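Engineer: Take a look at the following structure, please.
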Amino acid sequence: MKQEKFLISIQRNVLVCNKNGNPVKISYPKTFGKSEKNNFIKLDSNNHSLNIITPYEKSITDLYNKLNEITNVIIFELYNKQQLIWPYSDNSSYDSKIKLSLRIDKEYYEELIEALKSIPSNLKNAYSTIVKNFNKRKKVLTGVFGNLEINSKGNELTVSNIDLNPENRAGISENDIHILVAFIFGCLFDRETTTLRQEAKELLKINKKCNLKAQKALEEVKDRTLTGLDKLDAAKKHMAEGYRCRYSITKYPKLVAESVVLIKDSISQGINYEILNEAKSVCQFDLNGHKEFVIEGNKTDRDTYIFPIITDDKFIAKHIMADSGLNVPTAILLNNEMDEEDIDNLVSPFYNSRIVIKPRNTNYGIGITVFSKPATKKQILNAIAYAFKFDTNVLIEQYQKGMEYRFLVVDGKCLSVAHRRAASVVGDGKSTIKELIKMKNEEDWHFLTGTPVKMDEPVIEYLKLQNLDINSVPPKGKRITLRSNSNCSTGGESVDYTDTMPVRFKKIAEKAAKAFNGKICGVDIIIEDFNKDDYAIIEINDNPGYSINEWPYDGKGERIGLAVLDLLGLKQ
């Protein structure tokens with residue numbers, strides 16, 4: 001296997017300021033664990049700044065992405081405190097610079113010797129040659145990076161005193177890193193250059209010979225000029241942009257929300273991560289050599305192979321919970337091979353009743369119809385036909401009056417409770433339901449989490465039941481529910497109930513998880529009155545969408561990702 005060309009790491013000193021741009025003393029955020037154990041984020045000795053230390057990466061792109069995500073996690077922590085990251089290296093009292101460390105692979109260097117001939121014959125001499133020539137020619141980079149310093153120790157080169165790039169919230173752009181690396185390799189050769197343009201022209205030749213990916217960066221290299229933004233405005237702009245990344249990993253938009261949660265929480269604890277398959281959300285987490293694989297943020301080897309198979313079958317799961325002494329709605333099972341007469345005989349007792357009709361093996365609310373008011377024979381048969389589109393077996397169960405709550409259980413402990421409010425809009429007295437849906441989908445939570453309120457056929461039909469349509473104008477302050485199911489994937493919203501939910505119901509959720517020996521699971525429970533003991537478990541989920549518990553639409557949320565990391569033995 002061909003070795004990587006080099007390993008590369010960045011350290012950045014993050015000066016923290018108040019909203020007026022004045023440096024402020026800070027204490028190490030509790031959400032980052034302990035400073036001495038966190039591999040990514042440290043507290044500087046002057047208590048005005050945090051130090052970012054990226055892990056060594058095998059490519060410049062991976063390095064920049066990691067630096068960017070660590071920066072975004074810090075921004076999320078500082079944003080609500082109205083604190084800023086100062087984006088300039090112009091404060092004489094506090095160091096606000098960047099350091100780049102590079103380790104050249106020995107095998108790669110031996111390949112370079114064969115290809116280039118005129119460079120030093122071994123890595124030790126190569127490092128000393130690079131340091132010598134770097135110091136001779138570094139003045140050509142002063143306009144871009146400031147007064148650079150270089151050192152060599154063992155098998156590592158360190159370029160320090162790099163000025164921040166004020167146009168980039170990470171403090172340095174991917175192109176900047178490409179230029180510095182190309183310049184370092186260019187210093188393997190003895191030559192004279194006097195201008196930045198001349199140096200870039202020479203580096204283009206070396207860039208190609210060394211198989212570096214810096215062509216575009218070198219062609220566009222120029223002395224850095226400040227943007228037209230005021231310095232304080234630039235700081236606020238970077239913070240706002242970083243805060244809008246709080247629900248995503250910038251370069252990996254296809255990751256499911258739970259993987260994003262877990263990665264964000266791992267960064268906060270200084271735990272390294274690698275995205276192995278974005279489309280399937282397969283990630284590896286690494287704490288000082290202890291590695292764990294996680295799929296979709298919650299599928300780990302701590303759960304058994306049969307756990308998801310059993311819980312996906314809602315009929316079997318219902319029987320297992322009933323056998324464990326838990327309350328579940330009474331249900332019957334239909335098969336698509338049954339004739340109309342058989343179906344009618346089984347279903348007729350439910351005519352003109354309040355019921356729920358759902359496919360036996362689907363998730364995310366797919367194919368489900370909830371009749372909170374007595375349903376006619378025609379409505380029920382239409383709902384059964386709709387559910388059969390998604391599965392060969394369909395469940396009909398009694399409707400349970402009350403609110404639905406998602407209890408999130410990790411390693412036997414209920415950590416969070418969230419109510420999933422069905423997709424809805426609140427009238428302003430002048431806008432149509434269609435216009436209100438558009439405004440709702442522009443809200444940060446719906447837009448950034450990718451959970452828009454869908455305006456589909458079920459919404460149209462549900463509005464009809466309320467004698468409404470999408471052009472109706474609701475009175476000011478009146479909430480209009482848009483669909484029968486409460487899934488966030490169809491525009492529902494989560495409301496944190498962790499602190500108000502009675503402990504006895506949390507214990508019921510823990511008992512349900514124990515019935516399946518589930519390590520990470522969501523238990524959906526209908527409760528009408530907290531003061532009574534009545535409840536009904538309607539579902540248990542092996543792949544719970546716990547992003548709604550960590551990032552609720554309303555409420556503080558709980559750090560579920562930390563509990564998952566702890567389950568895997570990765571928490572600091």
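Labels for the structure tokens follow display order: chains A, B, ..., residues from 1 in each chain, ligands from 1.
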For A:Ile249, list every protein, DNA or RNA residue within 9 Å, evaluated using only C-alpha atoms, and leave out those in the same chain fewer than 6 positions away; present the list as JSON, numbers by chain.
Structural biologist: {"A": [65, 69, 255, 260, 263, 264]}
Engineer: Write the residues of the preceding selection, restricted to N, CA and C atoms, as a PDB file, in the first residue's frame.
Structural biologist:
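See again19.pdb below for the written result:
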ATOM      1  N   ASN A  65     -11.126  20.453   7.245  1.00  0.00           N
ATOM      2  CA  ASN A  65     -12.476  20.103   7.688  1.00  0.00           C
ATOM      3  C   ASN A  65     -12.526  19.906   9.201  1.00  0.00           C
ATOM      4  N   GLU A  69     -14.650  22.192  11.916  1.00  0.00           N
ATOM      5  CA  GLU A  69     -15.672  21.641  12.794  1.00  0.00           C
ATOM      6  C   GLU A  69     -15.368  21.900  14.270  1.00  0.00           C
ATOM      7  N   LEU A 255     -24.981  13.058   6.098  1.00  0.00           N
ATOM      8  CA  LEU A 255     -24.986  12.355   7.383  1.00  0.00           C
ATOM      9  C   LEU A 255     -26.342  12.524   8.063  1.00  0.00           C
ATOM     10  N   VAL A 260     -24.388  13.429  13.258  1.00  0.00           N
ATOM     11  CA  VAL A 260     -23.906  14.793  13.475  1.00  0.00           C
ATOM     12  C   VAL A 260     -23.851  15.096  14.969  1.00  0.00           C
ATOM     13  N   ILE A 263     -20.847  13.277  16.468  1.00  0.00           N
ATOM     14  CA  ILE A 263     -19.586  13.898  16.075  1.00  0.00           C
ATOM     15  C   ILE A 263     -19.376  15.208  16.825  1.00  0.00           C
ATOM     16  N   LYS A 264     -20.408  16.042  16.913  1.00  0.00           N
ATOM     17  CA  LYS A 264     -20.293  17.319  17.628  1.00  0.00           C
ATOM     18  C   LYS A 264     -19.911  17.067  19.084  1.00  0.00           C
TER      19      LYS A 264
END
Engineer: Show which residues sit within 10 Å of A:Ile267, as a PyMOL selection string. Count only C-alpha atoms, and ignore same-chain residues fewer than 3 positions away.
Structural biologist: chain A and resi 32+38-41+66+69-74+262-264+270-273
Engineer: Name the residues of stretch 133-175 of chain A that come out as strand (DSSP E or B) in a backbone DSSP run; write them as JSON, numbers by chain.
Structural biologist: {"A": [149, 150, 151, 152, 153, 156, 157, 158, 159, 160, 161, 162, 163]}
Engineer: Based on the selection just made, write C-alpha atoms of those residues as a CSV table (one decimal), in the first residue's frame.
Structural biologist:
chain,number,residue,atom,x,y,z
A,149,GLU,CA,9.1,31.3,12.0
A,150,ILE,CA,10.2,27.7,11.3
A,151,ASN,CA,11.8,25.0,13.5
A,152,SER,CA,12.8,21.4,13.0
A,153,LYS,CA,12.8,18.8,15.8
A,156,GLU,CA,8.7,17.2,12.4
A,157,LEU,CA,8.7,20.7,10.9
A,158,THR,CA,6.9,23.5,12.6
A,159,VAL,CA,5.9,26.8,11.0
A,160,SER,CA,4.6,29.2,13.7
A,161,ASN,CA,3.6,32.8,14.1
A,162,ILE,CA,1.2,32.5,11.2
A,163,ASP,CA,-1.2,35.5,11.1
Engineer: Need the shell around stretch 348-359 of chain A: protein/DNA/RNA residues with any atom at most 7 Å away, counting only C-alpha atoms. Skip same-chain ones fewer than 3 positions apart. Format as a compact mmCIF listing (two decimals) with C-alpha atoms, in the first residue's frame?
Structural biologist:
# COMPACT_ATOMS: atom_id res chain seq x y z
CA ASP A 344 -64.31 -6.86 7.02
CA ASN A 345 -65.04 -9.50 9.68
CA THR A 362 -42.08 0.70 8.98
CA GLY A 367 -48.00 4.69 6.19
CA ILE A 368 -49.60 5.51 9.55
CA THR A 369 -53.10 6.97 9.90
CA VAL A 370 -54.41 8.13 13.27
CA PHE A 371 -58.15 8.59 13.80
CA SER A 372 -58.52 10.66 16.97
CA LYS A 373 -62.25 10.89 16.21
CA PRO A 374 -64.54 7.94 15.32
CA ALA A 375 -63.77 6.81 11.77
CA THR A 376 -66.26 5.54 9.22
CA LYS A 377 -65.96 2.20 7.47
CA ALA A 383 -56.36 3.87 5.55
CA ILE A 384 -55.81 0.08 5.47
CA ALA A 387 -50.84 1.11 4.89
CA PHE A 388 -50.68 -1.98 2.63
CA PHE A 390 -45.75 -0.07 2.61
CA ASP A 391 -46.01 -3.57 4.07
CA ASN A 393 -49.03 -6.82 7.12
CA VAL A 394 -51.00 -4.04 8.78
CA LEU A 395 -51.78 -3.40 12.45
CA ILE A 396 -55.02 -1.93 13.74
CA GLU A 397 -54.87 -0.83 17.35
CA GLN A 398 -56.97 1.13 19.77
CA TYR A 399 -56.44 4.88 19.78
Engineer: Between A:Thr500, A:Gln269, A:Asn517, A:Ser489, which has the minimum distance to A:Ala563 (counting only C-alpha atoms)?
Structural biologist: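 Closest residue, counting only C-alpha atoms: A:Gln269.
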Engineer: Between atom CA of A:Ala235 and atom CA of A:Pro166, what distance in Å does the model show, to one decimal?
Structural biologist: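 These two atoms are separated by 8.5 Å.
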Engineer: What does the structure give for the distance between atom CA of A:Asp469 and atom CA of A:Glu528, in Å to one decimal?
Structural biologist: 29.1 Å
Engineer: Considering only C-alpha atoms, return as a compact mmCIF listing (two decimals) with C-alpha atoms, in the first residue's frame whatever protein or nucleic-acid residues lie within 6 Å of A:Gly427, sequence-local ones (same chain, fewer than 2 positions apart) excluded.
Structural biologist:
# COMPACT_ATOMS: atom_id res chain seq x y z
CA GLY A 429 -54.64 36.70 11.61
CA PRO A 474 -56.38 31.09 10.98
CA PRO A 475 -57.11 33.64 13.75
CA LYS A 476 -54.14 35.17 15.52
CA GLY A 477 -52.67 32.83 18.13
CA LYS A 478 -54.66 29.74 17.03
Engineer: Please identify which residues in stretch 303-535 of chain A DSSP calls helix (DSSP H, G or I) from the backbone, and express them as an MDAnalysis selection string.
Structural biologist: chainID A and resid 306:312 314:323 340:350 377:387 433:441 444:449 457:465 488:490 503:515
Engineer: Hey, can you spit out that residue selection with C-alpha atoms as a PDB file, in the first residue's frame?
Structural biologist:
ATOM      1  CA  ILE A 306     -31.705  -9.490  16.799  1.00  0.00           C
ATOM      2  CA  PHE A 307     -32.665  -6.300  18.673  1.00  0.00           C
ATOM      3  CA  PRO A 308     -33.536  -4.258  15.538  1.00  0.00           C
ATOM      4  CA  ILE A 309     -35.237  -7.255  13.905  1.00  0.00           C
ATOM      5  CA  ILE A 310     -37.585  -7.740  16.864  1.00  0.00           C
ATOM      6  CA  THR A 311     -38.363  -4.056  17.424  1.00  0.00           C
ATOM      7  CA  ASP A 312     -39.025  -3.452  13.723  1.00  0.00           C
ATOM      8  CA  LYS A 314     -44.392  -3.891  15.866  1.00  0.00           C
ATOM      9  CA  PHE A 315     -46.694  -6.880  16.476  1.00  0.00           C
ATOM     10  CA  ILE A 316     -44.019  -9.068  18.102  1.00  0.00           C
ATOM     11  CA  ALA A 317     -42.642  -6.118  20.065  1.00  0.00           C
ATOM     12  CA  LYS A 318     -46.105  -5.420  21.418  1.00  0.00           C
ATOM     13  CA  HIS A 319     -46.416  -9.028  22.706  1.00  0.00           C
ATOM     14  CA  ILE A 320     -42.963  -8.940  24.332  1.00  0.00           C
ATOM     15  CA  MET A 321     -43.837  -5.749  26.218  1.00  0.00           C
ATOM     16  CA  ALA A 322     -47.236  -7.129  27.257  1.00  0.00           C
ATOM     17  CA  ASP A 323     -45.543 -10.303  28.568  1.00  0.00           C
ATOM     18  CA  GLU A 340     -62.320  -8.478   1.596  1.00  0.00           C
ATOM     19  CA  GLU A 341     -64.773 -10.543   3.634  1.00  0.00           C
ATOM     20  CA  ASP A 342     -62.086 -11.724   6.079  1.00  0.00           C
ATOM     21  CA  ILE A 343     -60.792  -8.178   6.512  1.00  0.00           C
ATOM     22  CA  ASP A 344     -64.306  -6.863   7.021  1.00  0.00           C
ATOM     23  CA  ASN A 345     -65.036  -9.497   9.682  1.00  0.00           C
ATOM     24  CA  LEU A 346     -61.854  -8.636  11.598  1.00  0.00           C
ATOM     25  CA  VAL A 347     -62.142  -4.886  11.247  1.00  0.00           C
ATOM     26  CA  SER A 348     -65.902  -4.386  11.673  1.00  0.00           C
ATOM     27  CA  PRO A 349     -65.669  -4.089  15.504  1.00  0.00           C
ATOM     28  CA  PHE A 350     -63.461  -1.017  14.934  1.00  0.00           C
ATOM     29  CA  LYS A 377     -65.958   2.203   7.470  1.00  0.00           C
ATOM     30  CA  LYS A 378     -64.857   3.957   4.272  1.00  0.00           C
ATOM     31  CA  GLN A 379     -62.155   5.984   6.053  1.00  0.00           C
ATOM     32  CA  ILE A 380     -60.808   2.870   7.779  1.00  0.00           C
ATOM     33  CA  LEU A 381     -60.709   0.757   4.619  1.00  0.00           C
ATOM     34  CA  ASN A 382     -58.938   3.599   2.745  1.00  0.00           C
ATOM     35  CA  ALA A 383     -56.365   3.869   5.548  1.00  0.00           C
ATOM     36  CA  ILE A 384     -55.809   0.081   5.468  1.00  0.00           C
ATOM     37  CA  ALA A 385     -55.262   0.202   1.705  1.00  0.00           C
ATOM     38  CA  TYR A 386     -52.785   3.062   2.223  1.00  0.00           C
ATOM     39  CA  ALA A 387     -50.844   1.108   4.887  1.00  0.00           C
ATOM     40  CA  ILE A 433     -51.970  28.234   6.083  1.00  0.00           C
ATOM     41  CA  LYS A 434     -49.865  27.857   2.936  1.00  0.00           C
ATOM     42  CA  GLU A 435     -47.991  31.085   3.742  1.00  0.00           C
ATOM     43  CA  LEU A 436     -47.593  30.080   7.394  1.00  0.00           C
ATOM     44  CA  ILE A 437     -46.047  26.748   6.321  1.00  0.00           C
ATOM     45  CA  LYS A 438     -43.557  28.635   4.135  1.00  0.00           C
ATOM     46  CA  MET A 439     -42.607  30.875   7.081  1.00  0.00           C
ATOM     47  CA  LYS A 440     -42.330  27.850   9.375  1.00  0.00           C
ATOM     48  CA  ASN A 441     -39.914  26.147   6.981  1.00  0.00           C
ATOM     49  CA  ASP A 444     -33.624  27.872  11.706  1.00  0.00           C
ATOM     50  CA  TRP A 445     -34.700  24.646  13.412  1.00  0.00           C
ATOM     51  CA  HIS A 446     -36.724  23.312  10.489  1.00  0.00           C
ATOM     52  CA  PHE A 447     -34.371  24.616   7.806  1.00  0.00           C
ATOM     53  CA  LEU A 448     -31.069  23.563   9.364  1.00  0.00           C
ATOM     54  CA  THR A 449     -32.258  20.165  10.616  1.00  0.00           C
ATOM     55  CA  GLU A 457     -52.020  14.794   0.513  1.00  0.00           C
ATOM     56  CA  PRO A 458     -52.275  13.751   4.207  1.00  0.00           C
ATOM     57  CA  VAL A 459     -52.058  17.442   5.155  1.00  0.00           C
ATOM     58  CA  ILE A 460     -54.811  18.370   2.697  1.00  0.00           C
ATOM     59  CA  GLU A 461     -57.030  15.569   4.028  1.00  0.00           C
ATOM     60  CA  TYR A 462     -56.353  16.430   7.672  1.00  0.00           C
ATOM     61  CA  LEU A 463     -57.254  20.064   7.048  1.00  0.00           C
ATOM     62  CA  LYS A 464     -60.503  18.930   5.422  1.00  0.00           C
ATOM     63  CA  LEU A 465     -61.434  17.137   8.658  1.00  0.00           C
ATOM     64  CA  CYS A 488     -40.331  15.291  13.070  1.00  0.00           C
ATOM     65  CA  SER A 489     -39.400  13.878   9.661  1.00  0.00           C
ATOM     66  CA  THR A 490     -42.729  15.199   8.376  1.00  0.00           C
ATOM     67  CA  VAL A 503     -39.914   9.510  37.437  1.00  0.00           C
ATOM     68  CA  ARG A 504     -42.370   6.580  37.439  1.00  0.00           C
ATOM     69  CA  PHE A 505     -42.925   6.947  33.698  1.00  0.00           C
ATOM     70  CA  LYS A 506     -39.157   7.083  33.093  1.00  0.00           C
ATOM     71  CA  LYS A 507     -38.892   3.796  35.016  1.00  0.00           C
ATOM     72  CA  ILE A 508     -41.531   2.280  32.705  1.00  0.00           C
ATOM     73  CA  ALA A 509     -39.434   3.285  29.681  1.00  0.00           C
ATOM     74  CA  GLU A 510     -36.360   1.699  31.284  1.00  0.00           C
ATOM     75  CA  LYS A 511     -38.340  -1.496  31.904  1.00  0.00           C
ATOM     76  CA  ALA A 512     -39.403  -1.578  28.242  1.00  0.00           C
ATOM     77  CA  ALA A 513     -35.794  -1.206  27.074  1.00  0.00           C
ATOM     78  CA  LYS A 514     -34.747  -3.984  29.468  1.00  0.00           C
ATOM     79  CA  ALA A 515     -37.365  -6.326  27.963  1.00  0.00           C
TER      80      ALA A 515
END
Engineer: Have a look at A:Lys136, A:His178, A:Lys237, A:Lys413 and name the one nearest to A:Lys216; count only C-alpha atoms.
Structural biologist: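 Of all the options, A:His178 lies closest to A:Lys216.
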Engineer: Can you work out the spacing between atom CA of A:Asn165 and atom CA of A:Asp95 in Å, to one decimal?
Structural biologist: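 Separating atom CA of A:Asn165 from atom CA of A:Asp95 is a distance of 14.5 Å.
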